[in-house]
$ cat my_file29.pdb   # PDB, C-alpha atoms
ATOM      1  CA  MET A 273     -41.720  -3.418  34.075
ATOM      2  CA  ASN A 274     -42.572  -4.381  30.482
ATOM      3  CA  GLN A 275     -40.013  -3.110  27.988
ATOM      4  CA  LEU A 276     -41.079  -2.076  24.501
ATOM      5  CA  GLN A 277     -39.875  -4.120  21.554
ATOM      6  CA  PRO A 278     -37.226  -2.432  19.408
ATOM      7  CA  ALA A 279     -38.151  -1.048  16.022
ATOM      8  CA  ASN A 280     -37.534  -3.433  13.121
ATOM      9  CA  LEU A 281     -37.028  -2.694   9.441
ATOM     10  CA  ARG A 282     -37.430  -5.495   6.954
ATOM     11  CA  LEU A 283     -36.069  -4.877   3.460
ATOM     12  CA  LEU A 284     -35.572  -8.509   2.390
ATOM     13  CA  GLY A 285     -38.607 -10.144   0.803
ATOM     14  CA  ALA A 286     -40.888  -7.177   1.495
ATOM     15  CA  PHE A 287     -40.780  -3.744   3.055
ATOM     16  CA  GLU A 288     -42.009  -3.752   6.618
ATOM     17  CA  LEU A 289     -41.383  -1.226   9.358
ATOM     18  CA  VAL A 290     -42.517  -2.262  12.831
ATOM     19  CA  HIS A 291     -42.258   0.311  15.598
ATOM     20  CA  HIS A 292     -42.463  -1.227  19.085
ATOM     21  CA  GLY A 293     -44.652  -4.078  17.907
ATOM     22  CA  VAL A 294     -46.944  -1.957  15.699
ATOM     23  CA  GLN A 295     -46.593  -1.948  11.917
ATOM     24  CA  VAL A 296     -46.009   1.523  10.501
ATOM     25  CA  THR A 297     -48.095   2.170   7.403
ATOM     26  CA  LEU A 298     -46.290   4.657   5.212
ATOM     27  CA  GLY A 299     -48.804   4.603   2.366
ATOM     28  CA  GLN A 300     -46.298   5.751  -0.221
ATOM     29  CA  PRO A 301     -43.671   3.708  -2.119
ATOM     30  CA  ARG A 302     -41.357   6.730  -2.186
ATOM     31  CA  LEU A 303     -41.216   6.751   1.614
ATOM     32  CA  GLU A 304     -40.294   3.058   1.621
ATOM     33  CA  GLU A 305     -37.590   3.656  -0.975
ATOM     34  CA  LEU A 306     -36.239   6.667   0.934
ATOM     35  CA  ILE A 307     -36.002   4.682   4.169
ATOM     36  CA  ALA A 308     -34.281   1.805   2.348
ATOM     37  CA  LEU A 309     -31.881   4.192   0.596
ATOM     38  CA  LEU A 310     -30.891   5.682   3.956
ATOM     39  CA  ALA A 311     -30.829   2.407   5.910
ATOM     40  CA  ILE A 312     -28.355   0.613   3.655
ATOM     41  CA  ARG A 313     -25.813   3.404   4.222
ATOM     42  CA  PRO A 314     -25.765   4.118   7.955
ATOM     43  CA  GLY A 315     -23.865   7.237   8.891
ATOM     44  CA  VAL A 316     -23.788   8.553   5.320
ATOM     45  CA  ALA A 317     -25.627  11.851   4.988
ATOM     46  CA  LEU A 318     -27.937  12.227   2.014
ATOM     47  CA  LYS A 319     -28.313  15.859   1.004
ATOM     48  CA  ARG A 320     -31.852  17.080   0.535
ATOM     49  CA  ALA A 321     -30.864  18.160  -2.977
ATOM     50  CA  GLN A 322     -29.799  14.557  -3.724
ATOM     51  CA  ILE A 323     -33.160  13.287  -2.493
ATOM     52  CA  ALA A 324     -34.921  15.865  -4.667
ATOM     53  CA  TYR A 325     -32.971  14.845  -7.759
ATOM     54  CA  HIS A 326     -33.320  11.125  -6.974
ATOM     55  CA  PHE A 327     -37.116  11.171  -6.807
ATOM     56  CA  TRP A 328     -37.967  14.079  -9.105
ATOM     57  CA  PRO A 329     -35.198  14.317 -11.730
ATOM     58  CA  ASP A 330     -37.527  15.868 -14.335
ATOM     59  CA  SER A 331     -39.069  18.512 -12.065
ATOM     60  CA  SER A 332     -37.831  22.042 -11.625
ATOM     61  CA  GLU A 333     -35.391  22.485  -8.754
ATOM     62  CA  GLN A 334     -37.934  24.481  -6.753
ATOM     63  CA  GLN A 335     -40.686  21.889  -7.270
ATOM     64  CA  ALA A 336     -38.331  19.005  -6.420
ATOM     65  CA  ARG A 337     -37.267  20.728  -3.186
ATOM     66  CA  THR A 338     -40.913  21.357  -2.243
ATOM     67  CA  ASN A 339     -41.705  17.700  -2.947
ATOM     68  CA  THR A 340     -38.747  16.654  -0.788
ATOM     69  CA  ARG A 341     -39.957  18.805   2.126
ATOM     70  CA  ASN A 342     -43.416  17.235   1.801
ATOM     71  CA  LEU A 343     -41.952  13.717   1.633
ATOM     72  CA  LEU A 344     -39.866  14.250   4.777
ATOM     73  CA  HIS A 345     -42.853  15.822   6.531
ATOM     74  CA  LYS A 346     -44.955  12.726   5.738
ATOM     75  CA  LEU A 347     -42.149  10.508   7.010
ATOM     76  CA  LYS A 348     -42.022  12.363  10.346
ATOM     77  CA  HIS A 349     -45.765  11.922  10.808
ATOM     78  CA  ALA A 350     -45.909   8.290   9.685
ATOM     79  CA  TRP A 351     -43.052   6.991  11.864
ATOM     80  CA  PRO A 352     -43.317   7.777  15.595
ATOM     81  CA  ASP A 353     -39.933   8.432  17.177
ATOM     82  CA  LEU A 354     -38.295   8.772  13.776
ATOM     83  CA  ASP A 355     -35.156  10.005  15.525
ATOM     84  CA  GLU A 356     -34.506   6.437  16.762
ATOM     85  CA  GLY A 357     -33.260   5.682  13.257
ATOM     86  CA  ILE A 358     -32.931   8.864  11.237
ATOM     87  CA  THR A 359     -31.354  12.241  11.868
ATOM     88  CA  MET A 360     -32.885  15.109   9.896
ATOM     89  CA  GLU A 361     -30.830  18.240   9.608
ATOM     90  CA  ARG A 362     -31.399  21.424   7.664
ATOM     91  CA  ASP A 363     -29.588  20.230   4.530
ATOM     92  CA  SER A 364     -29.300  16.466   4.965
ATOM     93  CA  VAL A 365     -30.892  13.261   6.211
ATOM     94  CA  THR A 366     -28.877  10.382   7.717
ATOM     95  CA  TRP A 367     -29.562   6.862   8.934
ATOM     96  CA  ARG A 368     -27.901   6.858  12.343
ATOM     97  CA  HIS A 369     -24.956   4.533  13.043
ATOM     98  CA  ASP A 370     -26.390   3.938  16.494
ATOM     99  CA  ALA A 371     -29.960   3.529  15.246
ATOM    100  CA  ALA A 372     -32.261   1.757  17.687
ATOM    101  CA  VAL A 373     -33.736  -0.124  14.730
ATOM    102  CA  VAL A 374     -32.955  -3.724  13.827
ATOM    103  CA  VAL A 375     -32.455  -3.860  10.033
ATOM    104  CA  ASP A 376     -32.515  -7.305   8.417
ATOM    105  CA  VAL A 377     -29.951  -6.323   5.765
ATOM    106  CA  HIS A 378     -27.497  -5.303   8.507
ATOM    107  CA  ARG A 379     -28.208  -8.489  10.461
ATOM    108  CA  PHE A 380     -27.570 -10.613   7.369
ATOM    109  CA  ALA A 381     -24.268  -8.783   6.765
ATOM    110  CA  GLN A 382     -23.192  -9.187  10.417
ATOM    111  CA  LEU A 383     -23.896 -12.926  10.470
ATOM    112  CA  ARG A 384     -22.153 -13.375   7.132
ATOM    113  CA  ALA A 385     -19.096 -11.437   8.342
ATOM    114  CA  GLN A 386     -18.829 -13.488  11.543
ATOM    115  CA  VAL A 387     -18.471 -16.680   9.506
ATOM    116  CA  VAL A 388     -15.212 -15.441   7.988
ATOM    117  CA  GLN A 389     -13.536 -16.115  11.291
ATOM    118  CA  ASP A 390     -12.072 -19.552  11.872
ATOM    119  CA  TYR A 391     -14.881 -21.383  13.675
ATOM    120  CA  LEU A 392     -15.446 -25.055  14.291
ATOM    121  CA  PRO A 393     -17.795 -26.648  11.710
ATOM    122  CA  THR A 394     -20.758 -26.761  14.127
ATOM    123  CA  GLU A 395     -20.412 -23.053  14.970
ATOM    124  CA  ARG A 396     -19.865 -22.160  11.312
ATOM    125  CA  ALA A 397     -22.968 -24.126  10.264
ATOM    126  CA  HIS A 398     -25.033 -22.445  13.001
ATOM    127  CA  LEU A 399     -24.000 -18.916  11.925
ATOM    128  CA  LEU A 400     -24.505 -19.714   8.245
ATOM    129  CA  SER A 401     -27.932 -21.179   8.978
ATOM    130  CA  ASN A 402     -28.911 -18.023  10.884
ATOM    131  CA  ALA A 403     -27.707 -15.854   7.980
ATOM    132  CA  VAL A 404     -29.681 -17.938   5.477
ATOM    133  CA  ASP A 405     -32.816 -17.714   7.621
ATOM    134  CA  CYS A 406     -32.379 -13.943   7.921
ATOM    135  CA  TYR A 407     -32.560 -13.594   4.129
ATOM    136  CA  ARG A 408     -36.316 -13.809   3.498
ATOM    137  CA  GLY A 409     -36.318 -12.752  -0.141
ATOM    138  CA  ASP A 410     -34.962 -10.189  -2.552
ATOM    139  CA  PHE A 411     -34.082  -6.689  -1.406
ATOM    140  CA  LEU A 412     -36.944  -4.189  -1.756
ATOM    141  CA  PRO A 413     -38.784  -6.359  -4.313
ATOM    142  CA  SER A 414     -41.344  -3.701  -5.230
ATOM    143  CA  SER A 415     -38.662  -1.265  -6.454
ATOM    144  CA  TYR A 416     -37.136  -1.381  -9.922
ATOM    145  CA  THR A 417     -34.870   1.644  -9.676
ATOM    146  CA  ASP A 418     -31.271   1.151 -10.799
ATOM    147  CA  TRP A 419     -29.789   1.511  -7.309
ATOM    148  CA  ALA A 420     -32.253  -0.991  -5.768
ATOM    149  CA  LEU A 421     -31.624  -3.517  -8.563
ATOM    150  CA  ALA A 422     -27.856  -3.212  -8.005
ATOM    151  CA  VAL A 423     -28.192  -3.756  -4.237
ATOM    152  CA  ARG A 424     -30.626  -6.624  -4.860
ATOM    153  CA  GLU A 425     -28.184  -8.403  -7.171
ATOM    154  CA  GLN A 426     -25.282  -7.901  -4.757
ATOM    155  CA  LEU A 427     -27.288  -9.360  -1.870
ATOM    156  CA  ARG A 428     -28.539 -12.277  -4.023
ATOM    157  CA  THR A 429     -24.918 -13.168  -4.813
ATOM    158  CA  ARG A 430     -23.943 -12.999  -1.144
ATOM    159  CA  TYR A 431     -26.916 -15.145  -0.192
ATOM    160  CA  THR A 432     -25.932 -17.715  -2.821
ATOM    161  CA  ASN A 433     -22.414 -17.834  -1.375
ATOM    162  CA  VAL A 434     -23.728 -18.229   2.181
ATOM    163  CA  LEU A 435     -26.079 -21.031   1.137
ATOM    164  CA  GLU A 436     -23.278 -22.856  -0.669
ATOM    165  CA  ALA A 437     -20.994 -22.503   2.373
ATOM    166  CA  LEU A 438     -23.796 -23.834   4.586
ATOM    167  CA  VAL A 439     -24.235 -26.918   2.393
ATOM    168  CA  GLU A 440     -20.472 -27.556   2.568
ATOM    169  CA  ALA A 441     -20.443 -27.132   6.363
ATOM    170  CA  LEU A 442     -23.382 -29.521   6.751
ATOM    171  CA  LEU A 443     -21.709 -32.119   4.537
ATOM    172  CA  GLU A 444     -18.561 -31.783   6.638
ATOM    173  CA  LEU A 445     -20.711 -32.496   9.708
ATOM    174  CA  ARG A 446     -22.327 -35.441   7.871
ATOM    175  CA  GLN A 447     -25.767 -33.854   8.248
ATOM    176  CA  ASN A 448     -26.728 -35.096   4.802
ATOM    177  CA  ASP A 449     -30.501 -34.608   5.036
ATOM    178  CA  GLU A 450     -30.143 -30.977   6.077
ATOM    179  CA  ALA A 451     -27.422 -30.475   3.430
ATOM    180  CA  LEU A 452     -29.791 -31.816   0.772
ATOM    181  CA  HIS A 453     -32.574 -29.527   2.003
ATOM    182  CA  ARG A 454     -30.268 -26.492   1.815
ATOM    183  CA  ALA A 455     -28.932 -27.561  -1.601
ATOM    184  CA  LYS A 456     -32.531 -27.630  -2.875
ATOM    185  CA  GLN A 457     -33.011 -24.185  -1.373
ATOM    186  CA  LEU A 458     -29.923 -23.043  -3.298
ATOM    187  CA  ARG A 459     -31.220 -24.600  -6.512
ATOM    188  CA  ASP A 460     -34.592 -22.871  -6.055
ATOM    189  CA  HIS A 461     -32.871 -19.557  -5.407
ATOM    190  CA  ASP A 462     -30.600 -19.834  -8.441
ATOM    191  CA  PRO A 463     -31.547 -22.673 -10.839
ATOM    192  CA  LEU A 464     -28.494 -21.957 -13.020
ATOM    193  CA  TYR A 465     -26.009 -22.295 -10.162
ATOM    194  CA  GLU A 466     -24.096 -25.438 -11.127
ATOM    195  CA  SER A 467     -22.800 -26.584  -7.748
ATOM    196  CA  ALA A 468     -26.354 -26.856  -6.370
TER     197      ALA A 468
END

$ encode --input "my_file29.pdb" --output "C-alpha coordinates"
Amino acid sequence: MNQLQPANLRLLGAFELVHHGVQVTLGQPRLEELIALLAIRPGVALKRAQIAYHFWPDSSEQQARTNTRNLLHKLKHAWPDLDEGITMERDSVTWRHDAAVVVDVHRFAQLRAQVVQDYLPTERAHLLSNAVDCYRGDFLPSSYTDWALAVREQLRTRYTNVLEALVEALLELRQNDEALHRAKQLRDHDPLYESA
(Lines of atoms letter the chains of each structure in order from A and count residues from 1; the text may use other names and numbers.)
(Lines give C-alpha, C1' and ligand atoms only; values in the text may rest on other atoms or scores of the structure.)
Protein backbone atom coordinates (compact mmCIF):
# COMPACT_ATOMS: atom_id res chain seq x y z
CA MET A 1 0.00 0.00 0.00
CA ASN A 2 1.38 3.42 -0.97
CA GLN A 3 1.78 5.73 2.01
CA LEU A 4 1.26 9.47 1.63
CA GLN A 5 4.23 11.77 2.08
CA PRO A 6 4.21 13.80 5.29
CA ALA A 7 3.41 17.49 5.18
CA ASN A 8 6.46 19.76 4.95
CA LEU A 9 6.84 23.40 5.90
CA ARG A 10 9.77 25.34 4.55
CA LEU A 11 10.54 28.66 6.23
CA LEU A 12 14.24 28.93 5.29
CA GLY A 13 14.93 30.58 1.95
CA ALA A 14 11.25 30.80 1.01
CA PHE A 15 7.85 29.93 2.39
CA GLU A 16 6.56 26.64 1.07
CA LEU A 17 3.90 24.38 2.51
CA VAL A 18 3.59 20.97 0.87
CA HIS A 19 0.74 18.74 1.98
CA HIS A 20 1.23 15.08 1.00
CA GLY A 21 3.24 15.99 -2.08
CA VAL A 22 0.98 18.86 -3.22
CA GLN A 23 1.99 22.49 -2.69
CA VAL A 24 -0.58 24.45 -0.69
CA THR A 25 -1.22 27.87 -2.18
CA LEU A 26 -2.26 30.23 0.58
CA GLY A 27 -2.50 33.33 -1.59
CA GLN A 28 -1.99 35.72 1.30
CA PRO A 29 1.28 36.80 2.99
CA ARG A 30 -0.55 37.12 6.32
CA LEU A 31 -1.39 33.41 6.26
CA GLU A 32 2.26 32.57 5.63
CA GLU A 33 3.35 34.82 8.48
CA LEU A 34 0.72 33.36 10.82
CA ILE A 35 1.83 29.80 10.07
CA ALA A 36 5.49 30.77 10.59
CA LEU A 37 4.66 32.60 13.83
CA LEU A 38 2.91 29.48 15.16
CA ALA A 39 5.42 26.94 13.80
CA ILE A 40 8.49 28.44 15.47
CA ARG A 41 6.81 28.07 18.88
CA PRO A 42 5.32 24.57 19.01
CA GLY A 43 3.03 24.00 21.94
CA VAL A 44 2.70 27.71 22.73
CA ALA A 45 -0.87 28.92 22.38
CA LEU A 46 -1.39 32.21 20.58
CA LYS A 47 -4.55 33.94 21.73
CA ARG A 48 -6.87 35.13 19.01
CA ALA A 49 -6.65 38.61 20.53
CA GLN A 50 -2.85 38.49 20.11
CA ILE A 51 -3.26 37.52 16.46
CA ALA A 52 -5.73 40.38 15.99
CA TYR A 53 -3.37 42.91 17.53
CA HIS A 54 -0.35 41.48 15.69
CA PHE A 55 -1.86 41.86 12.22
CA TRP A 56 -4.25 44.77 12.73
CA PRO A 57 -2.81 46.98 15.50
CA ASP A 58 -4.47 50.14 14.12
CA SER A 59 -7.95 48.66 13.64
CA SER A 60 -10.75 48.73 16.16
CA GLU A 61 -10.90 45.69 18.42
CA GLN A 62 -14.11 44.48 16.78
CA GLN A 63 -12.71 44.88 13.26
CA ALA A 64 -9.43 43.16 14.22
CA ARG A 65 -11.32 40.20 15.70
CA THR A 66 -13.48 39.92 12.57
CA ASN A 67 -10.34 40.01 10.42
CA THR A 68 -8.78 37.30 12.59
CA ARG A 69 -11.85 35.05 12.19
CA ASN A 70 -11.67 35.55 8.41
CA LEU A 71 -7.92 34.84 8.36
CA LEU A 72 -8.34 31.59 10.31
CA HIS A 73 -11.29 30.61 8.11
CA LYS A 74 -9.12 31.08 5.00
CA LEU A 75 -6.37 29.02 6.61
CA LYS A 76 -8.76 26.12 7.29
CA HIS A 77 -9.88 26.11 3.66
CA ALA A 78 -6.42 26.53 2.14
CA TRP A 79 -4.68 23.76 4.12
CA PRO A 80 -6.35 20.32 3.99
CA ASP A 81 -6.03 18.44 7.27
CA LEU A 82 -4.93 21.58 9.08
CA ASP A 83 -5.25 19.67 12.36
CA GLU A 84 -2.10 17.69 11.46
CA GLY A 85 -0.14 20.78 12.49
CA ILE A 86 -2.40 23.31 14.17
CA THR A 87 -4.98 23.12 16.92
CA MET A 88 -7.67 25.80 16.77
CA GLU A 89 -9.63 26.40 19.92
CA ARG A 90 -12.25 28.98 20.77
CA ASP A 91 -9.77 31.54 22.12
CA SER A 92 -6.39 30.35 20.86
CA VAL A 93 -4.40 28.75 18.06
CA THR A 94 -1.41 26.45 18.67
CA TRP A 95 1.20 24.68 16.58
CA ARG A 96 1.04 21.14 17.91
CA HIS A 97 4.07 19.60 19.64
CA ASP A 98 3.27 16.33 17.91
CA ALA A 99 2.58 17.97 14.54
CA ALA A 100 2.73 15.58 11.60
CA VAL A 101 4.55 18.30 9.66
CA VAL A 102 8.28 18.37 8.99
CA VAL A 103 9.47 21.96 9.59
CA ASP A 104 12.91 22.88 8.25
CA VAL A 105 13.61 25.28 11.13
CA HIS A 106 12.99 22.47 13.64
CA ARG A 107 15.12 20.06 11.61
CA PHE A 108 17.99 22.57 11.51
CA ALA A 109 17.73 23.04 15.30
CA GLN A 110 17.65 19.26 15.93
CA LEU A 111 20.73 18.59 13.79
CA ARG A 112 22.56 21.50 15.38
CA ALA A 113 21.69 20.27 18.89
CA GLN A 114 22.89 16.73 18.14
CA VAL A 115 26.36 18.04 17.31
CA VAL A 116 26.83 19.30 20.87
CA GLN A 117 27.30 15.72 21.95
CA ASP A 118 30.80 14.29 21.89
CA TYR A 119 30.96 12.59 18.49
CA LEU A 120 33.90 11.36 16.48
CA PRO A 121 35.04 13.89 13.83
CA THR A 122 33.46 11.94 10.94
CA GLU A 123 30.08 11.78 12.70
CA ARG A 124 30.33 15.43 13.75
CA ALA A 125 31.16 16.51 10.18
CA HIS A 126 28.24 14.46 8.81
CA LEU A 127 25.72 16.04 11.22
CA LEU A 128 27.10 19.53 10.64
CA SER A 129 26.95 19.02 6.88
CA ASN A 130 23.31 17.91 7.14
CA ALA A 131 22.49 20.98 9.26
CA VAL A 132 24.20 23.29 6.76
CA ASP A 133 22.32 21.69 3.86
CA CYS A 134 19.03 22.06 5.75
CA TYR A 135 19.53 25.84 5.93
CA ARG A 136 18.45 26.94 2.44
CA GLY A 137 18.35 30.68 3.05
CA ASP A 138 17.12 33.32 5.45
CA PHE A 139 14.05 32.76 7.59
CA LEU A 140 10.81 33.98 5.98
CA PRO A 141 12.65 36.31 3.57
CA SER A 142 9.52 38.07 2.34
CA SER A 143 8.63 39.35 5.83
CA TYR A 144 10.11 42.48 7.36
CA THR A 145 8.20 42.50 10.63
CA ASP A 146 10.26 42.99 13.79
CA TRP A 147 9.68 39.46 15.10
CA ALA A 148 10.64 37.83 11.77
CA LEU A 149 13.79 39.97 11.49
CA ALA A 150 14.81 38.96 15.03
CA VAL A 151 14.30 35.24 14.30
CA ARG A 152 16.09 35.64 10.96
CA GLU A 153 19.15 37.20 12.61
CA GLN A 154 19.23 34.54 15.34
CA LEU A 155 19.11 31.74 12.77
CA ARG A 156 21.76 33.45 10.57
CA THR A 157 24.10 33.53 13.57
CA ARG A 158 23.47 29.86 14.34
CA TYR A 159 24.05 28.95 10.71
CA THR A 160 27.34 30.87 10.72
CA ASN A 161 28.43 28.94 13.82
CA VAL A 162 27.47 25.60 12.27
CA LEU A 163 29.34 26.40 9.06
CA GLU A 164 32.45 27.41 10.99
CA ALA A 165 32.29 24.21 13.06
CA LEU A 166 31.91 22.20 9.84
CA VAL A 167 35.02 23.79 8.33
CA GLU A 168 36.97 22.97 11.51
CA ALA A 169 35.72 19.36 11.50
CA LEU A 170 36.66 18.94 7.84
CA LEU A 171 40.14 20.36 8.45
CA GLU A 172 40.53 17.94 11.35
CA LEU A 173 39.65 15.12 8.94
CA ARG A 174 42.11 16.57 6.38
CA GLN A 175 39.30 16.99 3.84
CA ASN A 176 40.85 20.23 2.65
CA ASP A 177 38.94 20.63 -0.62
CA GLU A 178 35.57 20.27 1.10
CA ALA A 179 36.76 22.55 3.94
CA LEU A 180 37.69 25.21 1.37
CA HIS A 181 34.30 24.84 -0.33
CA ARG A 182 32.49 25.28 3.01
CA ALA A 183 34.75 28.21 3.99
CA LYS A 184 33.75 29.94 0.73
CA GLN A 185 30.13 29.21 1.59
CA LEU A 186 30.72 30.87 4.97
CA ARG A 187 32.37 33.87 3.33
CA ASP A 188 29.44 34.23 0.91
CA HIS A 189 26.97 34.00 3.78
CA ASP A 190 28.78 36.57 5.91
CA PRO A 191 31.52 38.49 4.04
CA LEU A 192 32.54 40.32 7.23
CA TYR A 193 33.12 37.13 9.22
CA GLU A 194 36.88 37.19 9.77
CA SER A 195 37.61 33.51 10.32
CA ALA A 196 36.20 32.61 6.88

$ residues_around --input "my_file29.pdb" --residues "Ala397 of chain A" --least-positions-apart "2" --cutoff "10 Å" --atoms "all atoms listed in the file" --output "ChimeraX atom specification"
/A:387,391-395,399-403,437-445

$ resolve_selection --input "my_file29.pdb" --expression "the PyMOL selection byres ((chain A and resi 343) around 10)" --output "PyMOL selection string"
chain A and resi 300+302-303+306+323-324+337-342+344-348

$ atom_distance --input "my_file29.pdb" --atom1 "atom CA of Leu435 of chain A" --atom2 "atom CA of Gln457 of chain A"
8.0 Å

$ resolve_selection --input "my_file29.pdb" --expression "the PyMOL selection byres ((chain A and resi 319) around 7)" --output "CSV table (one decimal) with C-alpha atoms, in the coordinates of the input"
chain,number,residue,atom,x,y,z
A,317,ALA,CA,-25.6,11.9,5.0
A,318,LEU,CA,-27.9,12.2,2.0
A,320,ARG,CA,-31.9,17.1,0.5
A,321,ALA,CA,-30.9,18.2,-3.0
A,322,GLN,CA,-29.8,14.6,-3.7
A,323,ILE,CA,-33.2,13.3,-2.5
A,363,ASP,CA,-29.6,20.2,4.5
A,364,SER,CA,-29.3,16.5,5.0
A,365,VAL,CA,-30.9,13.3,6.2

$ atom_distance --input "my_file29.pdb" --atom1 "atom CA of His349 of chain A" --atom2 "atom CA of Ala420 of chain A"
25.0 Å

$ closest_residue --input "my_file29.pdb" --among "A:Leu421, A:Ala371, A:Cys406, A:Ala279" --to "Trp351 of chain A" --atoms "all atoms listed in the file"
A:Ala279

$ resolve_selection --input "my_file29.pdb" --expression "the PyMOL selection byres ((chain A and resi 305) around 10)" --output "PyMOL selection string"
chain A and resi 283+287+300-304+306-311+327+412+414-415+417+420

$ axis_aligned_box --input "my_file29.pdb" --around "segment 290-298 of chain A" --padding-each-side "6 Å" --output "lines of an AutoDock Vina configuration file"
center_x = -45.2
center_y = 0.3
center_z = 12.1
size_x = 17.8
size_y = 20.7
size_z = 25.9

$ residues_around --input "my_file29.pdb" --residues "Val294 of chain A" --least-positions-apart "2" --cutoff "12 Å" --atoms "only C-alpha atoms" --output "PyMOL selection string"
chain A and resi 276-281+288-292+296-297+350-352

$ build_atoms --input "my_file29.pdb" --residues "segment 433-444 of chain A" --atoms "all heavy atoms" --output "JSON list (two decimals), in the frame of the given file"
[["chain", "number", "residue", "atom", "x", "y", "z"],
["A", 433, "ASN", "N", -23.69, -17.41, -1.96],
["A", 433, "ASN", "CA", -22.41, -17.83, -1.38],
["A", 433, "ASN", "C", -22.60, -18.39, 0.03],
["A", 433, "ASN", "O", -21.97, -19.39, 0.41],
["A", 433, "ASN", "CB", -21.42, -16.67, -1.36],
["A", 433, "ASN", "CG", -21.03, -16.22, -2.76],
["A", 433, "ASN", "OD1", -21.17, -16.96, -3.73],
["A", 433, "ASN", "ND2", -20.59, -14.98, -2.87],
["A", 434, "VAL", "N", -23.47, -17.76, 0.82],
["A", 434, "VAL", "CA", -23.73, -18.23, 2.18],
["A", 434, "VAL", "C", -24.42, -19.58, 2.15],
["A", 434, "VAL", "O", -24.06, -20.50, 2.90],
["A", 434, "VAL", "CB", -24.57, -17.19, 2.97],
["A", 434, "VAL", "CG1", -25.08, -17.77, 4.28],
["A", 434, "VAL", "CG2", -23.74, -15.94, 3.25],
["A", 435, "LEU", "N", -25.38, -19.75, 1.26],
["A", 435, "LEU", "CA", -26.08, -21.03, 1.14],
["A", 435, "LEU", "C", -25.11, -22.15, 0.73],
["A", 435, "LEU", "O", -25.15, -23.25, 1.28],
["A", 435, "LEU", "CB", -27.19, -20.93, 0.09],
["A", 435, "LEU", "CG", -28.62, -20.84, 0.60],
["A", 435, "LEU", "CD1", -29.59, -20.65, -0.56],
["A", 435, "LEU", "CD2", -29.02, -22.03, 1.42],
["A", 436, "GLU", "N", -24.25, -21.85, -0.23],
["A", 436, "GLU", "CA", -23.28, -22.86, -0.67],
["A", 436, "GLU", "C", -22.34, -23.23, 0.48],
["A", 436, "GLU", "O", -22.04, -24.41, 0.69],
["A", 436, "GLU", "CB", -22.48, -22.34, -1.86],
["A", 436, "GLU", "CG", -21.54, -23.38, -2.43],
["A", 436, "GLU", "CD", -20.79, -22.90, -3.66],
["A", 436, "GLU", "OE1", -20.55, -21.68, -3.76],
["A", 436, "GLU", "OE2", -20.47, -23.74, -4.50],
["A", 437, "ALA", "N", -21.88, -22.24, 1.23],
["A", 437, "ALA", "CA", -20.99, -22.50, 2.37],
["A", 437, "ALA", "C", -21.72, -23.32, 3.43],
["A", 437, "ALA", "O", -21.11, -24.19, 4.08],
["A", 437, "ALA", "CB", -20.48, -21.18, 2.96],
["A", 438, "LEU", "N", -23.02, -23.07, 3.62],
["A", 438, "LEU", "CA", -23.80, -23.83, 4.59],
["A", 438, "LEU", "C", -23.91, -25.30, 4.16],
["A", 438, "LEU", "O", -23.74, -26.20, 4.99],
["A", 438, "LEU", "CB", -25.19, -23.22, 4.75],
["A", 438, "LEU", "CG", -26.16, -23.98, 5.66],
["A", 438, "LEU", "CD1", -25.59, -24.17, 7.06],
["A", 438, "LEU", "CD2", -27.50, -23.27, 5.73],
["A", 439, "VAL", "N", -24.16, -25.54, 2.89],
["A", 439, "VAL", "CA", -24.24, -26.92, 2.39],
["A", 439, "VAL", "C", -22.91, -27.63, 2.64],
["A", 439, "VAL", "O", -22.88, -28.77, 3.13],
["A", 439, "VAL", "CB", -24.61, -26.95, 0.89],
["A", 439, "VAL", "CG1", -24.46, -28.35, 0.32],
["A", 439, "VAL", "CG2", -26.03, -26.43, 0.68],
["A", 440, "GLU", "N", -21.80, -26.95, 2.36],
["A", 440, "GLU", "CA", -20.47, -27.56, 2.57],
["A", 440, "GLU", "C", -20.24, -27.86, 4.05],
["A", 440, "GLU", "O", -19.73, -28.93, 4.40],
["A", 440, "GLU", "CB", -19.38, -26.62, 2.04],
["A", 440, "GLU", "CG", -19.37, -26.52, 0.53],
["A", 440, "GLU", "CD", -18.46, -25.42, 0.01],
["A", 440, "GLU", "OE1", -17.76, -24.77, 0.83],
["A", 440, "GLU", "OE2", -18.45, -25.19, -1.21],
["A", 441, "ALA", "N", -20.63, -26.92, 4.92],
["A", 441, "ALA", "CA", -20.44, -27.13, 6.36],
["A", 441, "ALA", "C", -21.29, -28.31, 6.85],
["A", 441, "ALA", "O", -20.83, -29.11, 7.67],
["A", 441, "ALA", "CB", -20.80, -25.86, 7.13],
["A", 442, "LEU", "N", -22.50, -28.42, 6.35],
["A", 442, "LEU", "CA", -23.38, -29.52, 6.75],
["A", 442, "LEU", "C", -22.86, -30.86, 6.26],
["A", 442, "LEU", "O", -22.93, -31.87, 6.97],
["A", 442, "LEU", "CB", -24.81, -29.28, 6.23],
["A", 442, "LEU", "CG", -25.55, -28.12, 6.90],
["A", 442, "LEU", "CD1", -26.82, -27.76, 6.12],
["A", 442, "LEU", "CD2", -25.88, -28.44, 8.35],
["A", 443, "LEU", "N", -22.31, -30.88, 5.05],
["A", 443, "LEU", "CA", -21.71, -32.12, 4.54],
["A", 443, "LEU", "C", -20.50, -32.52, 5.38],
["A", 443, "LEU", "O", -20.30, -33.70, 5.67],
["A", 443, "LEU", "CB", -21.31, -31.95, 3.07],
["A", 443, "LEU", "CG", -22.48, -31.92, 2.08],
["A", 443, "LEU", "CD1", -21.98, -31.56, 0.68],
["A", 443, "LEU", "CD2", -23.24, -33.24, 2.07],
["A", 444, "GLU", "N", -19.72, -31.52, 5.78],
["A", 444, "GLU", "CA", -18.56, -31.78, 6.64],
["A", 444, "GLU", "C", -19.00, -32.39, 7.97],
["A", 444, "GLU", "O", -18.32, -33.24, 8.53],
["A", 444, "GLU", "CB", -17.80, -30.47, 6.86],
["A", 444, "GLU", "CG", -16.48, -30.62, 7.57],
["A", 444, "GLU", "CD", -15.74, -29.29, 7.71],
["A", 444, "GLU", "OE1", -16.12, -28.30, 7.04],
["A", 444, "GLU", "OE2", -14.79, -29.24, 8.52]]
